[in-house]
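See below for data.cif, which holds mmCIF, N, CA, C and O atoms.
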data_data
loop_
_atom_site.label_atom_id
_atom_site.label_comp_id
_atom_site.auth_asym_id
_atom_site.auth_seq_id
_atom_site.Cartn_x
_atom_site.Cartn_y
_atom_site.Cartn_z
N MET A 4 -24.97 1.53 -17.21
CA MET A 4 -23.91 1.49 -16.23
C MET A 4 -22.95 0.34 -16.56
O MET A 4 -23.35 -0.67 -17.12
N ASN A 5 -21.70 0.53 -16.18
CA ASN A 5 -20.64 -0.42 -16.49
C ASN A 5 -19.84 -0.71 -15.23
O ASN A 5 -19.99 -0.05 -14.22
N TYR A 6 -18.95 -1.68 -15.34
CA TYR A 6 -17.94 -1.86 -14.31
C TYR A 6 -16.59 -1.89 -14.99
O TYR A 6 -16.47 -2.28 -16.16
N VAL A 7 -15.57 -1.47 -14.27
CA VAL A 7 -14.20 -1.52 -14.77
C VAL A 7 -13.42 -2.41 -13.82
O VAL A 7 -13.39 -2.18 -12.61
N GLY A 8 -12.79 -3.44 -14.37
CA GLY A 8 -12.04 -4.39 -13.56
C GLY A 8 -10.55 -4.19 -13.65
O GLY A 8 -10.04 -3.72 -14.67
N VAL A 9 -9.87 -4.56 -12.59
CA VAL A 9 -8.41 -4.49 -12.53
C VAL A 9 -7.88 -5.82 -12.04
O VAL A 9 -8.34 -6.34 -11.01
N ALA A 10 -6.93 -6.39 -12.76
CA ALA A 10 -6.25 -7.61 -12.34
C ALA A 10 -4.98 -7.20 -11.61
O ALA A 10 -4.09 -6.59 -12.19
N LEU A 11 -4.93 -7.50 -10.31
CA LEU A 11 -3.76 -7.15 -9.50
C LEU A 11 -2.75 -8.29 -9.55
O LEU A 11 -3.12 -9.44 -9.30
N PRO A 12 -1.50 -8.01 -9.83
CA PRO A 12 -0.48 -9.07 -9.86
C PRO A 12 -0.35 -9.71 -8.48
O PRO A 12 0.07 -9.06 -7.53
N ALA A 13 -0.78 -10.97 -8.35
CA ALA A 13 -0.75 -11.73 -7.09
C ALA A 13 -1.47 -10.99 -5.96
O ALA A 13 -1.13 -11.12 -4.81
N GLY A 14 -2.48 -10.21 -6.31
CA GLY A 14 -3.28 -9.51 -5.31
C GLY A 14 -2.58 -8.35 -4.62
O GLY A 14 -3.04 -7.88 -3.59
N GLN A 15 -1.49 -7.87 -5.19
CA GLN A 15 -0.72 -6.81 -4.53
C GLN A 15 -1.12 -5.42 -5.01
O GLN A 15 -1.21 -5.17 -6.21
N ILE A 16 -1.33 -4.53 -4.03
CA ILE A 16 -1.65 -3.14 -4.31
C ILE A 16 -1.04 -2.32 -3.18
O ILE A 16 -1.02 -2.75 -2.03
N THR A 17 -0.53 -1.15 -3.51
CA THR A 17 0.08 -0.30 -2.47
C THR A 17 -1.02 0.52 -1.78
O THR A 17 -2.09 0.75 -2.35
N PRO A 18 -0.75 0.99 -0.57
CA PRO A 18 -1.73 1.85 0.10
C PRO A 18 -2.03 3.12 -0.70
O PRO A 18 -3.19 3.55 -0.77
N LYS A 19 -1.02 3.69 -1.33
CA LYS A 19 -1.21 4.89 -2.14
C LYS A 19 -2.15 4.60 -3.32
O LYS A 19 -3.04 5.39 -3.63
N GLN A 20 -1.95 3.45 -3.98
CA GLN A 20 -2.82 3.06 -5.08
C GLN A 20 -4.25 2.84 -4.59
O GLN A 20 -5.21 3.27 -5.23
N MET A 21 -4.40 2.19 -3.43
CA MET A 21 -5.74 1.90 -2.92
C MET A 21 -6.49 3.18 -2.57
O MET A 21 -7.69 3.29 -2.85
N LEU A 22 -5.81 4.14 -1.99
CA LEU A 22 -6.44 5.43 -1.70
C LEU A 22 -6.90 6.11 -2.98
O LEU A 22 -8.00 6.68 -3.05
N ARG A 23 -6.06 6.05 -4.01
CA ARG A 23 -6.42 6.66 -5.29
C ARG A 23 -7.60 5.93 -5.93
O ARG A 23 -8.50 6.56 -6.51
N VAL A 24 -7.63 4.60 -5.83
CA VAL A 24 -8.76 3.83 -6.36
C VAL A 24 -10.04 4.25 -5.66
O VAL A 24 -11.08 4.41 -6.30
N ALA A 25 -9.99 4.45 -4.35
CA ALA A 25 -11.18 4.90 -3.61
C ALA A 25 -11.65 6.26 -4.12
O ALA A 25 -12.86 6.47 -4.30
N GLU A 26 -10.71 7.16 -4.37
CA GLU A 26 -11.06 8.48 -4.91
C GLU A 26 -11.71 8.35 -6.29
O GLU A 26 -12.71 9.01 -6.59
N LEU A 27 -11.13 7.49 -7.12
CA LEU A 27 -11.66 7.29 -8.47
C LEU A 27 -13.05 6.66 -8.44
O LEU A 27 -13.93 7.04 -9.22
N ALA A 28 -13.27 5.72 -7.52
CA ALA A 28 -14.59 5.09 -7.38
C ALA A 28 -15.63 6.12 -6.97
O ALA A 28 -16.77 6.08 -7.44
N GLU A 29 -15.24 7.05 -6.12
CA GLU A 29 -16.15 8.14 -5.71
C GLU A 29 -16.44 9.08 -6.89
O GLU A 29 -17.58 9.50 -7.09
N SER A 30 -15.41 9.40 -7.65
CA SER A 30 -15.54 10.37 -8.74
C SER A 30 -16.28 9.83 -9.97
O SER A 30 -17.05 10.55 -10.59
N TYR A 31 -16.02 8.57 -10.32
CA TYR A 31 -16.52 8.04 -11.59
C TYR A 31 -17.56 6.92 -11.44
O TYR A 31 -18.18 6.53 -12.42
N GLY A 32 -17.73 6.40 -10.23
CA GLY A 32 -18.71 5.35 -9.98
C GLY A 32 -19.62 5.74 -8.84
O GLY A 32 -19.86 6.93 -8.59
N SER A 33 -20.09 4.74 -8.11
CA SER A 33 -20.98 4.99 -6.98
C SER A 33 -20.24 5.02 -5.65
O SER A 33 -20.86 5.07 -4.60
N GLY A 34 -18.91 4.92 -5.71
CA GLY A 34 -18.11 4.89 -4.49
C GLY A 34 -17.79 3.48 -4.02
O GLY A 34 -17.05 3.29 -3.07
N GLU A 35 -18.35 2.49 -4.70
CA GLU A 35 -18.10 1.09 -4.35
C GLU A 35 -16.84 0.55 -5.02
O GLU A 35 -16.52 0.94 -6.14
N ILE A 36 -16.18 -0.36 -4.31
CA ILE A 36 -15.10 -1.16 -4.88
C ILE A 36 -15.40 -2.59 -4.46
O ILE A 36 -15.57 -2.86 -3.27
N ARG A 37 -15.51 -3.48 -5.41
CA ARG A 37 -15.83 -4.87 -5.09
C ARG A 37 -14.61 -5.75 -5.31
O ARG A 37 -13.99 -5.70 -6.37
N LEU A 38 -14.28 -6.54 -4.31
CA LEU A 38 -13.16 -7.46 -4.40
C LEU A 38 -13.64 -8.79 -4.96
O LEU A 38 -14.75 -9.22 -4.69
N THR A 39 -12.78 -9.44 -5.73
CA THR A 39 -13.12 -10.74 -6.31
C THR A 39 -12.40 -11.85 -5.54
O THR A 39 -11.44 -11.59 -4.81
N VAL A 40 -12.85 -13.08 -5.73
CA VAL A 40 -12.20 -14.22 -5.07
C VAL A 40 -10.81 -14.45 -5.64
O VAL A 40 -10.02 -15.18 -5.05
N TRP A 41 -10.50 -13.84 -6.77
CA TRP A 41 -9.18 -14.00 -7.38
C TRP A 41 -8.24 -12.86 -7.02
O TRP A 41 -7.27 -12.60 -7.72
N GLN A 42 -8.53 -12.12 -5.95
CA GLN A 42 -7.67 -11.04 -5.45
C GLN A 42 -7.55 -9.88 -6.43
O GLN A 42 -6.54 -9.21 -6.49
N ASN A 43 -8.59 -9.66 -7.19
CA ASN A 43 -8.68 -8.52 -8.10
C ASN A 43 -9.82 -7.64 -7.62
O ASN A 43 -10.42 -7.91 -6.57
N PHE A 44 -10.14 -6.58 -8.33
CA PHE A 44 -11.28 -5.76 -7.93
C PHE A 44 -11.96 -5.15 -9.13
O PHE A 44 -11.40 -5.09 -10.22
N ILE A 45 -13.21 -4.72 -8.91
CA ILE A 45 -13.96 -3.99 -9.92
C ILE A 45 -14.53 -2.72 -9.30
O ILE A 45 -14.79 -2.66 -8.10
N VAL A 46 -14.67 -1.71 -10.13
CA VAL A 46 -15.36 -0.47 -9.75
C VAL A 46 -16.70 -0.52 -10.51
O VAL A 46 -16.71 -0.40 -11.73
N PRO A 47 -17.82 -0.74 -9.79
CA PRO A 47 -19.11 -0.85 -10.47
C PRO A 47 -19.81 0.49 -10.64
O PRO A 47 -19.37 1.51 -10.08
N ASN A 48 -20.89 0.47 -11.38
CA ASN A 48 -21.78 1.62 -11.56
C ASN A 48 -21.08 2.83 -12.18
O ASN A 48 -21.24 3.96 -11.72
N VAL A 49 -20.34 2.57 -13.23
CA VAL A 49 -19.62 3.63 -13.95
C VAL A 49 -20.42 3.98 -15.21
O VAL A 49 -20.64 3.12 -16.06
N PRO A 50 -20.87 5.23 -15.34
CA PRO A 50 -21.59 5.63 -16.55
C PRO A 50 -20.72 5.49 -17.80
O PRO A 50 -19.49 5.61 -17.73
N ASP A 51 -21.36 5.25 -18.94
CA ASP A 51 -20.65 5.08 -20.21
C ASP A 51 -19.61 6.17 -20.46
O ASP A 51 -18.48 5.87 -20.86
N ALA A 52 -19.97 7.40 -20.22
CA ALA A 52 -19.09 8.53 -20.52
C ALA A 52 -17.81 8.54 -19.69
O ALA A 52 -16.80 9.11 -20.10
N PHE A 53 -17.82 7.89 -18.51
CA PHE A 53 -16.66 7.93 -17.62
C PHE A 53 -15.72 6.72 -17.76
O PHE A 53 -14.64 6.71 -17.17
N VAL A 54 -16.14 5.71 -18.50
CA VAL A 54 -15.32 4.49 -18.61
C VAL A 54 -13.91 4.78 -19.14
O VAL A 54 -12.92 4.38 -18.52
N PRO A 55 -13.76 5.47 -20.28
CA PRO A 55 -12.40 5.72 -20.78
C PRO A 55 -11.54 6.55 -19.81
O PRO A 55 -10.36 6.27 -19.63
N THR A 56 -12.14 7.52 -19.15
CA THR A 56 -11.40 8.36 -18.21
C THR A 56 -10.94 7.55 -17.01
O THR A 56 -9.80 7.67 -16.55
N LEU A 57 -11.82 6.70 -16.48
CA LEU A 57 -11.47 5.85 -15.34
C LEU A 57 -10.35 4.88 -15.71
O LEU A 57 -9.40 4.70 -14.96
N LYS A 58 -10.45 4.27 -16.89
CA LYS A 58 -9.40 3.35 -17.34
C LYS A 58 -8.05 4.05 -17.43
O LYS A 58 -7.03 3.52 -16.97
N ARG A 59 -8.03 5.24 -18.00
CA ARG A 59 -6.77 6.01 -18.10
C ARG A 59 -6.22 6.35 -16.72
O ARG A 59 -5.02 6.26 -16.48
N ALA A 60 -7.08 6.74 -15.81
CA ALA A 60 -6.65 7.11 -14.46
C ALA A 60 -6.07 5.90 -13.72
O ALA A 60 -5.07 6.02 -13.01
N LEU A 61 -6.67 4.73 -13.91
CA LEU A 61 -6.15 3.51 -13.27
C LEU A 61 -4.80 3.12 -13.88
O LEU A 61 -3.87 2.75 -13.15
N GLU A 62 -4.68 3.23 -15.20
CA GLU A 62 -3.41 2.94 -15.86
C GLU A 62 -2.31 3.89 -15.37
O GLU A 62 -1.17 3.49 -15.18
N LYS A 63 -2.69 5.14 -15.15
CA LYS A 63 -1.72 6.16 -14.71
C LYS A 63 -1.11 5.81 -13.35
O LYS A 63 0.04 6.14 -13.09
N ILE A 64 -1.87 5.12 -12.48
CA ILE A 64 -1.32 4.74 -11.17
C ILE A 64 -0.76 3.32 -11.18
O ILE A 64 -0.46 2.75 -10.14
N GLY A 65 -0.61 2.76 -12.38
CA GLY A 65 0.05 1.46 -12.52
C GLY A 65 -0.86 0.25 -12.41
O GLY A 65 -0.38 -0.86 -12.17
N LEU A 66 -2.16 0.43 -12.58
CA LEU A 66 -3.11 -0.68 -12.50
C LEU A 66 -3.71 -0.94 -13.87
O LEU A 66 -4.32 -0.05 -14.46
N SER A 67 -3.53 -2.15 -14.37
CA SER A 67 -3.97 -2.48 -15.71
C SER A 67 -5.43 -2.89 -15.75
O SER A 67 -5.90 -3.68 -14.93
N THR A 68 -6.16 -2.35 -16.72
CA THR A 68 -7.56 -2.74 -16.93
C THR A 68 -7.69 -3.70 -18.10
O THR A 68 -8.78 -4.14 -18.40
N ARG A 69 -6.57 -4.02 -18.73
CA ARG A 69 -6.59 -4.97 -19.85
C ARG A 69 -6.65 -6.39 -19.31
O ARG A 69 -5.85 -6.77 -18.47
N GLN A 70 -7.60 -7.16 -19.81
CA GLN A 70 -7.83 -8.51 -19.32
C GLN A 70 -6.90 -9.50 -19.97
O GLN A 70 -6.64 -9.46 -21.16
N SER A 71 -6.38 -10.40 -19.16
CA SER A 71 -5.59 -11.53 -19.62
C SER A 71 -5.95 -12.71 -18.74
O SER A 71 -5.94 -12.59 -17.51
N ASN A 72 -6.31 -13.84 -19.32
CA ASN A 72 -6.69 -14.99 -18.52
C ASN A 72 -5.57 -15.41 -17.58
O ASN A 72 -5.81 -15.79 -16.44
N LEU A 73 -4.34 -15.32 -18.04
CA LEU A 73 -3.21 -15.70 -17.19
C LEU A 73 -3.04 -14.71 -16.04
O LEU A 73 -3.01 -15.09 -14.88
N ALA A 74 -2.95 -13.43 -16.36
CA ALA A 74 -2.74 -12.42 -15.31
C ALA A 74 -3.92 -12.37 -14.34
O ALA A 74 -3.73 -12.17 -13.14
N SER A 75 -5.12 -12.55 -14.82
CA SER A 75 -6.30 -12.48 -13.96
C SER A 75 -6.39 -13.66 -13.00
O SER A 75 -7.03 -13.56 -11.96
N GLY A 76 -5.76 -14.77 -13.35
CA GLY A 76 -5.85 -15.97 -12.51
C GLY A 76 -4.69 -16.20 -11.58
O GLY A 76 -4.72 -17.15 -10.79
N VAL A 77 -3.66 -15.38 -11.61
CA VAL A 77 -2.51 -15.55 -10.72
C VAL A 77 -2.85 -14.94 -9.37
O VAL A 77 -3.18 -13.77 -9.26
N ILE A 78 -2.81 -15.78 -8.33
CA ILE A 78 -3.14 -15.30 -7.00
C ILE A 78 -2.03 -15.66 -6.02
O ILE A 78 -1.23 -16.56 -6.26
N ALA A 79 -1.98 -14.94 -4.91
CA ALA A 79 -1.06 -15.27 -3.83
C ALA A 79 -1.73 -16.34 -2.98
O ALA A 79 -2.93 -16.29 -2.75
N CYS A 80 -0.98 -17.30 -2.53
CA CYS A 80 -1.55 -18.42 -1.79
C CYS A 80 -0.75 -18.66 -0.52
O CYS A 80 0.48 -18.66 -0.54
N THR A 81 -1.45 -18.88 0.58
CA THR A 81 -0.78 -19.07 1.87
C THR A 81 -0.49 -20.53 2.18
O THR A 81 -0.03 -20.85 3.27
N GLY A 82 -0.74 -21.42 1.27
CA GLY A 82 -0.49 -22.85 1.50
C GLY A 82 -1.80 -23.57 1.79
O GLY A 82 -2.81 -22.97 2.11
N ASN A 83 -1.77 -24.92 1.70
CA ASN A 83 -3.03 -25.66 1.77
C ASN A 83 -3.70 -25.67 3.14
O ASN A 83 -4.81 -26.15 3.27
N SER A 84 -3.07 -25.14 4.17
CA SER A 84 -3.76 -25.01 5.45
C SER A 84 -4.85 -23.94 5.37
O SER A 84 -5.82 -23.98 6.11
N TYR A 85 -4.67 -22.98 4.47
CA TYR A 85 -5.60 -21.85 4.39
C TYR A 85 -6.13 -21.58 2.99
O TYR A 85 -6.95 -20.70 2.83
N CYS A 86 -5.65 -22.29 1.99
CA CYS A 86 -6.07 -22.03 0.61
C CYS A 86 -6.35 -23.35 -0.10
O CYS A 86 -5.46 -24.19 -0.21
N LYS A 87 -7.58 -23.52 -0.57
CA LYS A 87 -7.95 -24.78 -1.21
C LYS A 87 -7.27 -25.00 -2.55
O LYS A 87 -7.31 -26.10 -3.09
N PHE A 88 -6.62 -23.97 -3.11
CA PHE A 88 -5.95 -24.11 -4.40
C PHE A 88 -4.46 -24.42 -4.25
O PHE A 88 -3.76 -24.56 -5.24
N ALA A 89 -3.95 -24.51 -3.03
CA ALA A 89 -2.52 -24.70 -2.79
C ALA A 89 -2.04 -26.06 -3.29
O ALA A 89 -2.78 -27.04 -3.27
N GLN A 90 -0.80 -26.08 -3.72
CA GLN A 90 -0.18 -27.32 -4.17
C GLN A 90 0.72 -27.95 -3.11
O GLN A 90 1.17 -29.06 -3.25
N SER A 91 1.00 -27.19 -2.04
CA SER A 91 1.88 -27.71 -0.99
C SER A 91 1.47 -27.13 0.36
O SER A 91 0.75 -26.16 0.44
N ASN A 92 1.99 -27.75 1.41
CA ASN A 92 1.69 -27.31 2.76
C ASN A 92 2.83 -26.41 3.24
O ASN A 92 3.75 -26.86 3.90
N THR A 93 2.77 -25.15 2.91
CA THR A 93 3.86 -24.23 3.24
C THR A 93 3.91 -23.90 4.73
O THR A 93 4.94 -23.48 5.23
N LYS A 94 2.82 -24.06 5.45
CA LYS A 94 2.81 -23.73 6.88
C LYS A 94 3.54 -24.78 7.71
O LYS A 94 3.95 -24.50 8.82
N ALA A 95 3.69 -25.97 7.20
CA ALA A 95 4.34 -27.04 7.94
C ALA A 95 5.87 -27.01 7.79
O ALA A 95 6.57 -27.73 8.49
N MET A 96 6.37 -26.17 6.91
CA MET A 96 7.81 -26.10 6.68
C MET A 96 8.48 -25.28 7.78
O MET A 96 8.04 -24.20 8.11
N HIS A 97 9.52 -25.83 8.36
CA HIS A 97 10.29 -25.12 9.38
C HIS A 97 11.73 -25.03 8.90
O HIS A 97 12.37 -26.03 8.66
N TRP A 98 12.21 -23.83 8.73
CA TRP A 98 13.56 -23.60 8.25
C TRP A 98 14.46 -23.26 9.43
O TRP A 98 14.18 -22.36 10.19
N ASN A 99 15.53 -23.99 9.60
CA ASN A 99 16.48 -23.73 10.69
C ASN A 99 17.79 -23.23 10.15
O ASN A 99 18.26 -23.49 9.16
#
Show me the file's structure as structure tokens.
Amino acid sequence: MNYVGVALPAGQITPKQMLRVAELAESYGSGEIRLTVWQNFIVPNVPDAFVPTLKRALEKIGLSTRQSNLASGVIACTGNSYCKFAQSNTKAMHWN
């Protein structure tokens, strides 16, 4: 069994893509989708024979399965009030 991972740009995914990912997880895996702390996800329990098909299907809906340390580590951050990785306090800013 294998897992197929997807790096989401800043954790963004459309509802249409998410519904399709759920369908693909049911068809090619065990129906599970696991979220990572880096706002990415993996589809676990994929048999060897289905890995290439799942990768192609994810690419077709605009989700890359190719790993890049830079792309995999880019996350959306709500500021240091809610995110320990934040560089600034964005919640304290008041724009008039």
Do you have the atom O of Ala13 of chain A-atom O of Gln42 of chain A distance handy?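 Going from atom O of Ala13 of chain A over to atom O of Gln42 of chain A, I get 6.0 Å.
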Evaluate the PyMOL selection byres (((chain A and resi 33 and name CA) around 12) and name CA) against this structure - the residues, as a compact mmCIF listing (two decimals) with N, CA, C and O atoms, in the frame of the given file, please.
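Dumped everything to part-v4.txt:
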# COMPACT_ATOMS: atom_id res chain seq x y z
N MET A 4 -24.97 1.53 -17.21
CA MET A 4 -23.91 1.49 -16.23
C MET A 4 -22.95 0.34 -16.56
O MET A 4 -23.35 -0.67 -17.12
N ASN A 5 -21.70 0.53 -16.18
CA ASN A 5 -20.64 -0.42 -16.49
C ASN A 5 -19.84 -0.71 -15.23
O ASN A 5 -19.99 -0.05 -14.22
N TYR A 6 -18.95 -1.68 -15.34
CA TYR A 6 -17.94 -1.86 -14.31
C TYR A 6 -16.59 -1.89 -14.99
O TYR A 6 -16.47 -2.28 -16.16
N ALA A 25 -9.99 4.45 -4.35
CA ALA A 25 -11.18 4.90 -3.61
C ALA A 25 -11.65 6.26 -4.12
O ALA A 25 -12.86 6.47 -4.30
N GLU A 26 -10.71 7.16 -4.37
CA GLU A 26 -11.06 8.48 -4.91
C GLU A 26 -11.71 8.35 -6.29
O GLU A 26 -12.71 9.01 -6.59
N LEU A 27 -11.13 7.49 -7.12
CA LEU A 27 -11.66 7.29 -8.47
C LEU A 27 -13.05 6.66 -8.44
O LEU A 27 -13.93 7.04 -9.22
N ALA A 28 -13.27 5.72 -7.52
CA ALA A 28 -14.59 5.09 -7.38
C ALA A 28 -15.63 6.12 -6.97
O ALA A 28 -16.77 6.08 -7.44
N GLU A 29 -15.24 7.05 -6.12
CA GLU A 29 -16.15 8.14 -5.71
C GLU A 29 -16.44 9.08 -6.89
O GLU A 29 -17.58 9.50 -7.09
N SER A 30 -15.41 9.40 -7.65
CA SER A 30 -15.54 10.37 -8.74
C SER A 30 -16.28 9.83 -9.97
O SER A 30 -17.05 10.55 -10.59
N TYR A 31 -16.02 8.57 -10.32
CA TYR A 31 -16.52 8.04 -11.59
C TYR A 31 -17.56 6.92 -11.44
O TYR A 31 -18.18 6.53 -12.42
N GLY A 32 -17.73 6.40 -10.23
CA GLY A 32 -18.71 5.35 -9.98
C GLY A 32 -19.62 5.74 -8.84
O GLY A 32 -19.86 6.93 -8.59
N GLY A 34 -18.91 4.92 -5.71
CA GLY A 34 -18.11 4.89 -4.49
C GLY A 34 -17.79 3.48 -4.02
O GLY A 34 -17.05 3.29 -3.07
N GLU A 35 -18.35 2.49 -4.70
CA GLU A 35 -18.10 1.09 -4.35
C GLU A 35 -16.84 0.55 -5.02
O GLU A 35 -16.52 0.94 -6.14
N ILE A 36 -16.18 -0.36 -4.31
CA ILE A 36 -15.10 -1.16 -4.88
C ILE A 36 -15.40 -2.59 -4.46
O ILE A 36 -15.57 -2.86 -3.27
N ARG A 37 -15.51 -3.48 -5.41
CA ARG A 37 -15.83 -4.87 -5.09
C ARG A 37 -14.61 -5.75 -5.31
O ARG A 37 -13.99 -5.70 -6.37
N ILE A 45 -13.21 -4.72 -8.91
CA ILE A 45 -13.96 -3.99 -9.92
C ILE A 45 -14.53 -2.72 -9.30
O ILE A 45 -14.79 -2.66 -8.10
N VAL A 46 -14.67 -1.71 -10.13
CA VAL A 46 -15.36 -0.47 -9.75
C VAL A 46 -16.70 -0.52 -10.51
O VAL A 46 -16.71 -0.40 -11.73
N PRO A 47 -17.82 -0.74 -9.79
CA PRO A 47 -19.11 -0.85 -10.47
C PRO A 47 -19.81 0.49 -10.64
O PRO A 47 -19.37 1.51 -10.08
N ASN A 48 -20.89 0.47 -11.38
CA ASN A 48 -21.78 1.62 -11.56
C ASN A 48 -21.08 2.83 -12.18
O ASN A 48 -21.24 3.96 -11.72
N VAL A 49 -20.34 2.57 -13.23
CA VAL A 49 -19.62 3.63 -13.95
C VAL A 49 -20.42 3.98 -15.21
O VAL A 49 -20.64 3.12 -16.06
N PRO A 50 -20.87 5.23 -15.34
CA PRO A 50 -21.59 5.63 -16.55
C PRO A 50 -20.72 5.49 -17.80
O PRO A 50 -19.49 5.61 -17.73
N PHE A 53 -17.82 7.89 -18.51
CA PHE A 53 -16.66 7.93 -17.62
C PHE A 53 -15.72 6.72 -17.76
O PHE A 53 -14.64 6.71 -17.17
To one decimal place, how far is atom N of Ala52 of chain A from atom CA of Ile16 of chain A in Å?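 According to the coordinates, atom N of Ala52 of chain A and atom CA of Ile16 of chain A are separated by 26.5 Å.
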What is the atom CA of Arg59 of chain A to atom C of Val40 of chain A distance in Å? 24.3 Å
Expand the PyMOL selection byres ((chain A and resi 60-65) around 8) into the individual residues it matches in the shown file, reporting them as an MDAnalysis selection string. chainID A and resid 10:12 15 17 19:21 23:24 27 53:59 66:68
Will you give me segment 64-71 of chain A, written with all heavy atoms and laid out as a JSON list (two decimals), in the first residue's frame?
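Below is the file that was written, selection.json:
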[["chain", "number", "residue", "atom", "x", "y", "z"],
["A", 64, "ILE", "N", -7.26, 17.65, -12.20],
["A", 64, "ILE", "CA", -8.09, 18.66, -11.53],
["A", 64, "ILE", "C", -7.25, 19.80, -10.96],
["A", 64, "ILE", "O", -7.72, 20.62, -10.18],
["A", 64, "ILE", "CB", -8.97, 18.03, -10.43],
["A", 64, "ILE", "CG1", -8.15, 17.37, -9.33],
["A", 64, "ILE", "CG2", -9.99, 17.09, -11.03],
["A", 64, "ILE", "CD1", -8.96, 16.94, -8.12],
["A", 65, "GLY", "N", -5.98, 19.85, -11.37],
["A", 65, "GLY", "CA", -5.12, 20.99, -11.00],
["A", 65, "GLY", "C", -4.37, 20.84, -9.70],
["A", 65, "GLY", "O", -3.90, 21.83, -9.14],
["A", 66, "LEU", "N", -4.22, 19.62, -9.20],
["A", 66, "LEU", "CA", -3.50, 19.38, -7.95],
["A", 66, "LEU", "C", -2.22, 18.62, -8.23],
["A", 66, "LEU", "O", -2.25, 17.52, -8.78],
["A", 66, "LEU", "CB", -4.39, 18.61, -6.97],
["A", 66, "LEU", "CG", -5.69, 19.30, -6.59],
["A", 66, "LEU", "CD1", -6.54, 18.40, -5.71],
["A", 66, "LEU", "CD2", -5.45, 20.63, -5.92],
["A", 67, "SER", "N", -1.10, 19.21, -7.86],
["A", 67, "SER", "CA", 0.20, 18.62, -8.17],
["A", 67, "SER", "C", 0.61, 17.58, -7.14],
["A", 67, "SER", "O", 0.52, 17.81, -5.94],
["A", 67, "SER", "CB", 1.27, 19.71, -8.24],
["A", 67, "SER", "OG", 2.52, 19.13, -8.49],
["A", 68, "THR", "N", 1.10, 16.45, -7.62],
["A", 68, "THR", "CA", 1.63, 15.41, -6.74],
["A", 68, "THR", "C", 3.16, 15.43, -6.73],
["A", 68, "THR", "O", 3.77, 14.65, -6.03],
["A", 68, "THR", "CB", 1.14, 14.01, -7.17],
["A", 68, "THR", "OG1", 1.59, 13.75, -8.50],
["A", 68, "THR", "CG2", -0.36, 13.91, -7.10],
["A", 69, "ARG", "N", 3.74, 16.34, -7.50],
["A", 69, "ARG", "CA", 5.20, 16.45, -7.54],
["A", 69, "ARG", "C", 5.68, 17.23, -6.32],
["A", 69, "ARG", "O", 5.19, 18.32, -6.05],
["A", 69, "ARG", "CB", 5.66, 17.11, -8.83],
["A", 69, "ARG", "CG", 5.59, 16.13, -9.99],
["A", 69, "ARG", "CD", 5.96, 16.76, -11.30],
["A", 69, "ARG", "NE", 4.70, 16.99, -12.00],
["A", 69, "ARG", "CZ", 4.35, 18.12, -12.57],
["A", 69, "ARG", "NH1", 5.18, 19.13, -12.60],
["A", 69, "ARG", "NH2", 3.19, 18.25, -13.15],
["A", 70, "GLN", "N", 6.63, 16.67, -5.61],
["A", 70, "GLN", "CA", 7.12, 17.26, -4.37],
["A", 70, "GLN", "C", 8.16, 18.33, -4.64],
["A", 70, "GLN", "O", 9.03, 18.19, -5.48],
["A", 70, "GLN", "CB", 7.70, 16.16, -3.48],
["A", 70, "GLN", "CG", 7.94, 16.58, -2.06],
["A", 70, "GLN", "CD", 9.30, 17.20, -1.80],
["A", 70, "GLN", "OE1", 10.22, 17.11, -2.62],
["A", 70, "GLN", "NE2", 9.44, 17.86, -0.69],
["A", 71, "SER", "N", 8.04, 19.42, -3.91],
["A", 71, "SER", "CA", 9.03, 20.48, -3.90],
["A", 71, "SER", "C", 9.12, 21.00, -2.47],
["A", 71, "SER", "O", 8.09, 21.30, -1.87],
["A", 71, "SER", "CB", 8.60, 21.61, -4.85],
["A", 71, "SER", "OG", 9.18, 22.83, -4.47]]
